[in-house]
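A.B. asks: This is run07.csv (CSV, C-alpha atoms).
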chain,number,residue,atom,x,y,z
D,21,MET,CA,169.0,-242.4,31.6
D,22,ILE,CA,168.2,-245.4,29.4
D,23,THR,CA,169.2,-245.7,25.8
D,24,ILE,CA,167.0,-247.1,23.0
D,25,GLU,CA,169.5,-249.9,22.6
D,26,GLN,CA,169.0,-250.9,26.3
D,27,LEU,CA,165.3,-250.6,26.0
D,28,ILE,CA,165.2,-252.9,23.0
D,29,SER,CA,167.3,-255.4,24.8
D,30,GLN,CA,164.8,-255.4,27.7
D,31,ILE,CA,161.7,-255.6,25.5
D,32,GLU,CA,163.2,-258.5,23.5
D,33,GLN,CA,163.2,-260.7,26.6
D,34,ARG,CA,159.5,-261.0,25.8
D,35,GLN,CA,159.0,-260.2,22.2
D,36,PRO,CA,161.0,-258.9,19.2
D,37,VAL,CA,161.2,-255.3,18.1
D,38,LEU,CA,160.3,-255.6,14.5
D,39,ASN,CA,162.1,-252.5,13.1
D,40,LYS,CA,165.3,-252.5,15.1
D,41,ALA,CA,167.5,-253.3,12.1
D,42,GLY,CA,166.4,-250.0,10.4
D,43,LEU,CA,167.4,-247.8,13.4
D,44,SER,CA,170.6,-245.7,13.0
D,45,ALA,CA,173.4,-245.6,15.6
D,46,ALA,CA,172.2,-242.2,16.7
D,47,GLN,CA,168.7,-243.4,17.2
D,48,LEU,CA,170.0,-246.4,19.3
D,49,CYS,CA,171.9,-244.0,21.5
D,50,LEU,CA,168.8,-241.8,22.1
D,51,SER,CA,168.3,-241.5,25.9
D,52,LEU,CA,165.1,-241.6,27.8
D,53,ASN,CA,164.6,-240.8,31.5
D,54,SER,CA,161.0,-242.0,32.3
D,55,VAL,CA,157.6,-243.1,31.0
D,56,GLY,CA,154.8,-240.8,30.1
D,57,SER,CA,151.2,-240.9,28.8
D,58,LEU,CA,150.6,-240.6,25.1
D,59,THR,CA,149.2,-237.1,25.5
D,60,ASP,CA,151.7,-235.7,28.1
D,61,ALA,CA,155.0,-237.4,27.3
D,62,GLU,CA,158.0,-235.2,26.5
D,63,HIS,CA,161.0,-235.8,24.2
D,64,THR,CA,162.9,-237.6,27.0
D,65,GLN,CA,160.1,-240.0,27.7
D,66,LEU,CA,158.8,-243.4,26.5
D,67,THR,CA,155.1,-243.9,25.7
D,68,PHE,CA,152.9,-246.5,24.0
D,69,LEU,CA,149.7,-247.0,22.0
D,70,ALA,CA,147.9,-250.2,23.0
D,71,ASP,CA,144.3,-249.1,22.6
D,72,PRO,CA,143.1,-247.8,19.1
D,73,HIS,CA,140.7,-245.5,21.0
D,74,TYR,CA,143.7,-243.3,21.7
D,75,ILE,CA,144.9,-243.1,18.1
D,76,ALA,CA,143.9,-239.4,17.9
D,77,SER,CA,146.5,-238.5,20.5
D,78,LEU,CA,149.3,-240.2,18.6
D,79,ALA,CA,149.6,-237.5,16.0
D,80,SER,CA,150.3,-234.7,18.6
D,81,SER,CA,152.5,-236.8,20.9
D,82,ARG,CA,155.9,-235.3,21.7
D,83,ALA,CA,157.4,-238.5,23.2
D,84,GLY,CA,160.9,-239.5,22.5
D,85,ALA,CA,159.9,-243.0,21.6
D,86,VAL,CA,156.5,-244.7,21.0
D,87,LEU,CA,155.7,-248.4,21.2
D,88,VAL,CA,153.2,-249.2,18.4
D,89,THR,CA,152.0,-252.1,16.3
D,90,GLU,CA,152.9,-252.2,12.6
D,91,GLN,CA,149.4,-251.0,11.8
D,92,TYR,CA,150.1,-247.5,13.3
D,93,TYR,CA,153.8,-247.2,12.5
D,94,GLU,CA,153.2,-244.6,9.8
D,95,GLN,CA,151.1,-242.4,12.1
D,96,VAL,CA,153.9,-241.8,14.7
D,97,PRO,CA,154.9,-238.1,14.3
D,98,GLU,CA,158.3,-237.2,12.8
D,99,GLY,CA,159.8,-236.0,16.1
D,100,SER,CA,159.2,-239.4,17.8
D,101,LEU,CA,161.0,-242.7,17.3
D,102,ALA,CA,158.6,-245.6,16.5
D,103,LEU,CA,159.4,-249.0,18.0
D,104,VAL,CA,157.3,-251.6,16.3
D,105,VAL,CA,156.1,-254.6,18.4
D,106,ALA,CA,153.3,-257.1,18.3
D,107,MET,CA,152.0,-256.2,21.8
D,108,PRO,CA,152.8,-252.6,22.9
D,109,TYR,CA,151.3,-253.0,26.3
D,110,LEU,CA,153.6,-256.0,27.1
D,111,ALA,CA,156.5,-254.0,25.7
D,112,TYR,CA,155.7,-251.1,27.9
D,113,ALA,CA,155.5,-253.4,30.9
D,114,SER,CA,158.9,-254.8,30.1
D,115,GLY,CA,160.5,-251.4,29.5
D,116,SER,CA,159.0,-249.8,32.5
D,117,GLN,CA,161.2,-251.9,34.8
D,118,LEU,CA,164.3,-250.1,33.5
D,119,PHE,CA,163.0,-246.8,35.0
D,120,ALA,CA,162.0,-248.1,38.4
D,121,ARG,CA,163.9,-246.8,41.5
D,122,HIS,CA,166.0,-249.3,43.3
D,123,SER,CA,166.8,-249.3,47.0
D,124,SER,CA,170.3,-248.1,47.9
D,125,VAL,CA,170.6,-250.9,50.5
D,126,SER,CA,173.4,-253.3,49.7
D,127,GLY,CA,175.3,-255.9,51.6
D,128,ILE,CA,174.3,-257.0,55.2
D,129,HIS,CA,173.4,-254.2,57.6
D,130,PRO,CA,175.2,-254.4,61.0
D,131,THR,CA,171.8,-254.5,62.9
D,132,ALA,CA,170.6,-257.6,61.1
D,133,VAL,CA,170.5,-260.7,63.3
D,134,ILE,CA,171.5,-263.8,61.3
D,135,ALA,CA,171.8,-267.3,62.8
D,136,ASP,CA,175.2,-268.9,62.5
D,137,SER,CA,173.7,-271.9,60.6
D,138,ALA,CA,172.0,-269.7,58.0
D,139,VAL,CA,173.4,-270.0,54.4
D,140,ILE,CA,173.5,-266.6,52.6
D,141,GLY,CA,174.1,-266.6,48.9
D,142,GLU,CA,176.3,-264.3,46.8
D,143,GLN,CA,175.4,-260.6,46.5
D,144,VAL,CA,172.5,-260.8,48.9
D,145,SER,CA,171.3,-257.6,50.6
D,146,ILE,CA,169.8,-257.7,54.1
D,147,GLY,CA,168.5,-254.5,55.5
D,148,PRO,CA,168.4,-253.0,59.0
D,149,PHE,CA,166.8,-255.1,61.9
D,150,CYS,CA,166.1,-258.2,59.8
D,151,VAL,CA,166.1,-261.5,61.7
D,152,ILE,CA,167.2,-264.7,59.9
D,153,GLY,CA,166.5,-268.0,61.7
D,154,GLU,CA,168.4,-271.2,62.0
D,155,GLN,CA,169.3,-273.1,58.8
D,156,VAL,CA,167.6,-270.6,56.6
D,157,HIS,CA,168.9,-270.6,53.0
D,158,ILE,CA,168.8,-267.4,50.9
D,159,GLY,CA,169.6,-267.5,47.2
D,160,ASP,CA,172.0,-265.3,45.3
D,161,ARG,CA,171.2,-261.7,44.6
D,162,SER,CA,168.1,-261.7,46.8
D,163,PHE,CA,167.1,-258.4,48.6
D,164,LEU,CA,165.5,-258.1,52.0
D,165,ALA,CA,164.5,-254.6,53.1
D,166,SER,CA,164.3,-253.6,56.8
D,167,HIS,CA,162.5,-255.5,59.5
D,168,VAL,CA,162.1,-258.7,57.5
D,169,ALA,CA,161.8,-261.9,59.6
D,170,ILE,CA,162.6,-265.3,58.2
D,171,GLU,CA,161.9,-268.2,60.6
D,172,ALA,CA,164.0,-271.4,60.9
D,173,HIS,CA,164.5,-274.0,58.1
D,174,THR,CA,163.0,-271.8,55.4
D,175,ASN,CA,164.5,-271.9,51.9
D,176,ILE,CA,164.4,-268.7,49.7
D,177,GLY,CA,165.5,-268.8,46.1
D,178,ALA,CA,167.6,-266.4,44.0
D,179,ASP,CA,166.7,-262.9,42.9
D,180,CYS,CA,163.9,-262.5,45.4
D,181,VAL,CA,162.8,-259.1,46.7
D,182,PHE,CA,161.1,-258.9,50.2
D,183,LYS,CA,159.9,-255.4,51.3
D,184,SER,CA,159.8,-254.1,54.8
D,185,GLN,CA,157.9,-256.1,57.5
D,186,VAL,CA,157.6,-259.3,55.5
D,187,VAL,CA,157.3,-262.3,57.8
D,188,VAL,CA,158.0,-265.9,56.5
D,189,GLY,CA,157.2,-268.7,58.8
D,190,HIS,CA,159.3,-271.8,59.5
D,191,ASP,CA,160.0,-274.5,56.9
D,192,CYS,CA,158.5,-272.6,54.0
D,193,ILE,CA,159.9,-272.9,50.5
D,194,ILE,CA,160.0,-269.9,48.2
D,195,GLY,CA,161.2,-270.0,44.6
D,196,ASN,CA,163.2,-267.7,42.5
D,197,HIS,CA,162.3,-264.2,41.4
D,198,VAL,CA,159.6,-263.8,44.1
D,199,ARG,CA,158.5,-260.3,45.2
D,200,LEU,CA,156.8,-260.0,48.5
D,201,HIS,CA,155.5,-256.4,49.3
D,202,ALA,CA,155.3,-254.7,52.6
D,203,GLY,CA,153.6,-256.5,55.4
D,204,VAL,CA,153.1,-259.8,53.7
D,205,SER,CA,152.7,-262.8,55.9
D,206,ILE,CA,153.7,-266.2,54.6
D,207,GLY,CA,153.3,-269.4,56.7
D,208,ALA,CA,151.4,-268.0,59.6
D,209,GLU,CA,149.2,-270.4,61.5
D,210,GLY,CA,146.0,-271.4,59.6
D,211,PHE,CA,142.6,-270.8,61.0
D,212,GLY,CA,142.0,-274.3,62.4
D,213,PHE,CA,140.0,-274.9,65.6
D,214,ALA,CA,137.8,-277.7,67.0
D,215,PRO,CA,134.8,-276.7,69.0
D,216,THR,CA,134.5,-277.9,72.6
D,217,ARG,CA,131.1,-278.9,74.0
D,218,ASN,CA,130.3,-275.3,74.8
D,219,PRO,CA,132.7,-272.8,73.1
D,220,SER,CA,131.2,-269.9,75.1
D,221,VAL,CA,132.5,-271.5,78.3
D,222,SER,CA,135.4,-273.7,77.4
D,223,GLY,CA,136.5,-272.1,74.1
D,224,TRP,CA,137.9,-273.7,71.0
D,225,GLU,CA,140.7,-276.2,70.8
D,226,ARG,CA,143.6,-275.1,68.6
D,227,ILE,CA,144.6,-277.5,65.8
D,228,ALA,CA,148.4,-277.3,65.3
D,229,GLN,CA,149.1,-276.3,61.7
D,230,LEU,CA,151.8,-278.8,60.6
D,231,GLY,CA,152.1,-278.1,56.9
D,232,ARG,CA,154.2,-275.5,55.0
D,233,VAL,CA,153.8,-272.9,52.3
D,234,ILE,CA,155.4,-273.6,49.0
D,235,ILE,CA,155.7,-270.8,46.5
D,236,GLY,CA,156.9,-271.3,42.9
D,237,ASP,CA,159.0,-269.0,40.7
D,238,HIS,CA,158.1,-265.5,39.4
D,239,VAL,CA,155.4,-265.0,42.0
D,240,ARG,CA,154.3,-261.5,43.1
D,241,ILE,CA,152.3,-261.0,46.3
D,242,GLY,CA,151.0,-257.6,47.4
D,243,SER,CA,151.1,-255.7,50.6
D,244,ASN,CA,149.4,-257.1,53.7
D,245,THR,CA,148.3,-260.3,52.0
D,246,CYS,CA,148.4,-263.5,54.2
D,247,VAL,CA,149.1,-267.0,53.0
D,248,ASP,CA,148.5,-269.5,55.8
D,249,ARG,CA,150.5,-272.7,56.2
D,250,GLY,CA,148.8,-276.0,55.7
D,251,ALA,CA,147.2,-277.9,58.5
D,252,ILE,CA,148.5,-281.3,57.5
D,253,GLU,CA,149.5,-280.9,53.8
D,254,ASP,CA,151.0,-277.8,52.3
D,255,THR,CA,149.6,-274.6,50.9
D,256,VAL,CA,150.9,-274.3,47.4
D,257,ILE,CA,151.2,-271.3,45.1
D,258,GLY,CA,152.3,-272.1,41.5
D,259,ASN,CA,154.7,-270.3,39.1
D,260,HIS,CA,153.8,-266.9,37.7
D,261,VAL,CA,151.0,-266.3,40.1
D,262,ILE,CA,150.3,-262.6,40.9
D,263,ILE,CA,148.3,-261.7,44.0
D,264,ASP,CA,147.2,-258.2,44.9
D,265,ASN,CA,147.0,-256.5,48.4
D,266,LEU,CA,144.9,-257.6,51.3
D,267,VAL,CA,144.2,-261.1,50.0
D,268,GLN,CA,143.6,-264.0,52.4
D,269,VAL,CA,144.7,-267.5,51.3
D,270,GLY,CA,143.6,-270.1,53.7
D,271,HIS,CA,145.4,-273.3,54.8
D,272,ASN,CA,145.9,-276.1,52.2
D,273,VAL,CA,144.9,-273.9,49.3
D,274,HIS,CA,146.5,-274.8,45.9
D,275,ILE,CA,146.7,-272.0,43.3
D,276,GLY,CA,147.7,-273.0,39.7
D,277,ASP,CA,150.3,-271.5,37.5
D,278,GLY,CA,149.6,-268.1,35.9
D,279,THR,CA,146.6,-267.2,38.0
D,280,ALA,CA,145.9,-263.5,39.0
D,281,ILE,CA,144.0,-262.5,42.1
D,282,ALA,CA,142.8,-259.0,42.8
D,283,ALA,CA,142.6,-257.2,46.2
D,284,ASN,CA,140.3,-258.2,49.1
D,285,THR,CA,139.7,-261.7,47.9
D,286,GLY,CA,139.2,-264.4,50.5
D,287,ILE,CA,140.0,-268.0,49.7
D,288,ALA,CA,138.9,-270.5,52.4
D,289,GLY,CA,140.9,-273.6,53.3
D,290,SER,CA,141.5,-276.6,51.1
D,291,THR,CA,140.3,-275.0,47.9
D,292,THR,CA,142.1,-275.8,44.6
D,293,ILE,CA,142.2,-273.1,41.9
D,294,GLY,CA,143.4,-274.0,38.5
D,295,LYS,CA,145.9,-272.4,36.0
D,296,ARG,CA,145.4,-269.1,34.3
D,297,CYS,CA,142.4,-268.1,36.4
D,298,ILE,CA,141.5,-264.4,36.8
D,299,ILE,CA,139.9,-263.5,40.1
D,300,GLY,CA,138.4,-260.1,40.6
D,301,GLY,CA,138.4,-257.9,43.7
D,302,ALA,CA,136.5,-258.8,46.8
D,303,VAL,CA,135.7,-262.3,45.5
D,304,GLY,CA,134.8,-264.9,48.2
D,305,ILE,CA,135.6,-268.5,47.7
D,306,THR,CA,134.4,-271.1,50.1
D,307,GLY,CA,136.5,-274.0,51.3
D,308,HIS,CA,137.0,-277.6,50.0
D,309,ILE,CA,136.0,-276.9,46.4
D,310,LYS,CA,137.8,-277.0,43.0
D,311,ILE,CA,137.9,-274.4,40.4
D,312,THR,CA,139.1,-275.6,37.0
D,313,ASP,CA,141.7,-273.9,34.7
D,314,ASP,CA,140.9,-270.7,32.8
D,315,VAL,CA,138.0,-269.4,35.0
D,316,THR,CA,137.3,-265.7,35.3
D,317,LEU,CA,135.4,-264.5,38.4
D,318,SER,CA,134.2,-260.9,38.2
D,319,GLY,CA,134.5,-258.6,41.2
D,320,MET,CA,132.5,-259.5,44.4
D,321,THR,CA,131.5,-263.0,43.1
D,322,MET,CA,130.7,-265.5,45.7
D,323,VAL,CA,131.7,-269.1,44.9
D,324,THR,CA,130.1,-271.8,47.0
D,325,LYS,CA,130.4,-274.8,44.7
D,326,SER,CA,133.1,-276.3,42.5
D,327,ILE,CA,133.5,-274.9,39.0
D,328,LYS,CA,134.2,-277.6,36.5
D,329,VAL,CA,133.8,-275.7,33.1
D,330,ALA,CA,136.1,-272.9,32.0
D,331,GLY,CA,134.5,-269.5,31.4
D,332,SER,CA,133.4,-266.3,33.1
D,333,TYR,CA,131.3,-266.4,36.3
D,334,SER,CA,129.6,-263.6,38.3
D,335,SER,CA,127.2,-263.1,41.2
D,336,GLY,CA,125.8,-260.2,43.1
D,337,THR,CA,124.2,-257.1,41.7
D,338,THR,CA,125.4,-253.6,40.8
D,339,ALA,CA,124.6,-250.6,43.0
D,340,MET,CA,121.0,-249.2,42.7
D,341,PRO,CA,118.7,-247.2,44.9
D,342,THR,CA,117.9,-249.3,48.0
D,343,ALA,CA,114.2,-249.4,47.3
D,344,ASN,CA,114.8,-250.8,43.8
D,345,TRP,CA,117.3,-253.3,45.2
D,346,ARG,CA,114.8,-254.6,47.8
D,347,ARG,CA,112.2,-255.1,45.0
D,348,ALA,CA,114.8,-256.9,42.9
D,349,ALA,CA,115.8,-259.1,45.8
D,350,VAL,CA,112.1,-260.2,46.2
D,351,ARG,CA,112.0,-261.1,42.5
D,352,PHE,CA,115.2,-263.1,42.8
D,353,ARG,CA,113.6,-265.2,45.6
D,354,GLN,CA,110.5,-265.8,43.5
D,355,LEU,CA,112.5,-267.1,40.6
D,356,GLY,CA,113.2,-270.3,42.4
D,357,HIS,CA,109.5,-271.0,42.9
D,358,ASN,CA,108.5,-270.7,39.2
Show me the file's structure as structure tokens.

C.D. replies:
Amino acid sequence: MITIEQLISQIEQRQPVLNKAGLSAAQLCLSLNSVGSLTDAEHTQLTFLADPHYIASLASSRAGAVLVTEQYYEQVPEGSLALVVAMPYLAYASGSQLFARHSSVSGIHPTAVIADSAVIGEQVSIGPFCVIGEQVHIGDRSFLASHVAIEAHTNIGADCVFKSQVVVGHDCIIGNHVRLHAGVSIGAEGFGFAPTRNPSVSGWERIAQLGRVIIGDHVRIGSNTCVDRGAIEDTVIGNHVIIDNLVQVGHNVHIGDGTAIAANTGIAGSTTIGKRCIIGGAVGITGHIKITDDVTLSGMTMVTKSIKVAGSYSSGTTAMPTANWRRAAVRFRQLGHN
């Protein structure tokens, strides 16, 4: 159970609760056990109103506490406690973390294999069957679930969370407060090959990938995403970057601070993406180009040239009957000849 006082303390790491001074001691001690939707929440749950389209549901809400802006404060029903904030959705995001389930793993499991030269910080948890290589450094309070493999000479910061089956290659540098979800691969060999005279007979010559992956602070990477190590220079992911599941980040890619990347995006090697970009699902980005700061790419956009001006970009077409799409495709081709 989480008290209102604990909830306010969590929210105020991001923004002030504007009416906390007017809450009584009894209200501050009110306990909540989970989060619910505006329409379904019960008296032991927290909810929020972020979109005015749902204002009609507020009057009948039975939630124990509601996060609202000052504009809607008077419309919170008598049985619910109103917590006034400037950005209810952000407050909900902060508060939701208090209700998350945490793994019971603590300490170092006896099946973990840890090199004698590894340096393990204070209050670190290492789960069953993890393998920690030579001269690895793991910062204080970091958590590794089962079957995590960390190769030699890698440095991991404090307060990191690595879920099961995460693999981090050698010599990588990972900052503080980094969350890697199940099956993430960091620092695998990049896709670098030189063609022989006839690849069908003599194959492709592998190019050794000699760079690293460097990840900043407060980065979140989703399940089964792969971030390849650099070929010569490093692959770099900035601070506060969030990456969804099943994303491919090629070698030598640089991603700027605060950028968000949705699932199934593919970023080819040596591309630079600026700060605060938003990249939709299934976007394809070719290699050796630059995308400036504050660019939004809608889902399934294909980027083949550098983007030098901030703004929103799209490509592709929405689904339509095949016959209609074929006629539209013909017209698209003809546009270039006008």

A.B. asks: Do you know which residues are at most 7 Å from range 129-138 of chain D counting all atoms listed in the file, after dropping those on the same chain fewer than 4 positions away, and could you put them as a tab-separated table (two decimals) with C-alpha atoms, in the coordinates of the input?

C.D. replies:
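After the write, selection-v4.tsv holds the following:
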chain	number	residue	atom	x	y	z
D	146	ILE	CA	169.80	-257.70	54.10
D	147	GLY	CA	168.50	-254.50	55.50
D	148	PRO	CA	168.40	-253.00	59.00
D	149	PHE	CA	166.80	-255.10	61.90
D	150	CYS	CA	166.10	-258.20	59.80
D	151	VAL	CA	166.10	-261.50	61.70
D	152	ILE	CA	167.20	-264.70	59.90
D	153	GLY	CA	166.50	-268.00	61.70
D	154	GLU	CA	168.40	-271.20	62.00
D	155	GLN	CA	169.30	-273.10	58.80
D	156	VAL	CA	167.60	-270.60	56.60
D	157	HIS	CA	168.90	-270.60	53.00

A.B. asks: So that I can see what lies close to Ala76 in chain D, please list as a list of chain:residue names the residues with an atom at most 12 Å from it, counting only C-alpha atoms and leaving out residues fewer than 2 positions away in the same chain.

C.D. replies: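 These residues fall inside the cut-off: D:Leu58, D:Thr59, D:Leu69, D:Asp71, D:Pro72, D:His73, D:Tyr74, D:Leu78, D:Ala79, D:Ser80, D:Ser81, D:Tyr92, D:Gln95, D:Val96, D:Pro97.
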
A.B. asks: Could you state the separation of CA of Ile293 in chain D and CA of Asp313 in chain D in Å, given to one decimal place?

C.D. replies: 7.3 Å

A.B. asks: Restricting the calculation to all atoms listed in the file, which member of D:Asn344, D:Ala120, D:Leu27, D:Arg34 is positioned closest to Val86 in chain D?

C.D. replies: D:Leu27

A.B. asks: Show me as a list in words the residues that reach within 7 Å of (136.4, -259.7, 48.2), counting only C-alpha atoms and using the file's own coordinates.

C.D. replies: Ala283, Asn284, Thr285, Gly286, Gly301, Ala302, Val303, Gly304 and Met320 of chain D

A.B. asks: At what distance in Å, to one decimal, does CA of Thr291 in chain D lie from CA of Tyr333 in chain D?

C.D. replies: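 Taking CA of Tyr333 in chain D as the start and CA of Thr291 in chain D as the end point, the length is 17.0 Å.
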
A.B. asks: Which polymer residues have any atom within 12 Å of an atom of Thr67 in chain D, counting all atoms listed in the file, with same-chain residues fewer than 6 positions away left out, as an MDAnalysis selection string?

C.D. replies: chainID D and resid 52:61 77:78 81:88 96 100:103 108:109 111:113 115:116

A.B. asks: Pick from D:Leu200, D:Cys192, D:Val315, D:Ala41: nearest to Asp254 in chain D, with only C-alpha atoms counted?

C.D. replies: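 Closest candidate: D:Cys192.
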
A.B. asks: One decimal, Å: what's the distance from CA of Gly195 in chain D over to CA of Ile252 in chain D, could you say?

C.D. replies: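 Separation of CA of Gly195 in chain D and CA of Ile252 in chain D: 21.3 Å.
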
A.B. asks: Within 9 Å of Asn196 in chain D, counting only C-alpha atoms, which residues show up once you throw out same-chain ones fewer than 5 positions away? Write them as a PDB file with C-alpha atoms, in the coordinates of the input, please.

C.D. replies:
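Writing done, so here's part_19.pdb:
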ATOM      1  CA  GLY D 159     169.600-267.500  47.200  1.00  0.00           C
ATOM      2  CA  SER D 162     168.100-261.700  46.800  1.00  0.00           C
ATOM      3  CA  ILE D 176     164.400-268.700  49.700  1.00  0.00           C
ATOM      4  CA  GLY D 177     165.500-268.800  46.100  1.00  0.00           C
ATOM      5  CA  ALA D 178     167.600-266.400  44.000  1.00  0.00           C
ATOM      6  CA  ASP D 179     166.700-262.900  42.900  1.00  0.00           C
ATOM      7  CA  CYS D 180     163.900-262.500  45.400  1.00  0.00           C
ATOM      8  CA  GLY D 236     156.900-271.300  42.900  1.00  0.00           C
ATOM      9  CA  ASP D 237     159.000-269.000  40.700  1.00  0.00           C
ATOM     10  CA  HIS D 238     158.100-265.500  39.400  1.00  0.00           C
ATOM     11  CA  VAL D 239     155.400-265.000  42.000  1.00  0.00           C
TER      12      VAL D 239
END

A.B. asks: Give the answer as one residue: which of D:Thr245, D:Gln229, D:Gln268, D:Gln91 has the shortest atom-to-atom distance to Val186 in chain D, using all atoms listed in the file?

C.D. replies: D:Thr245
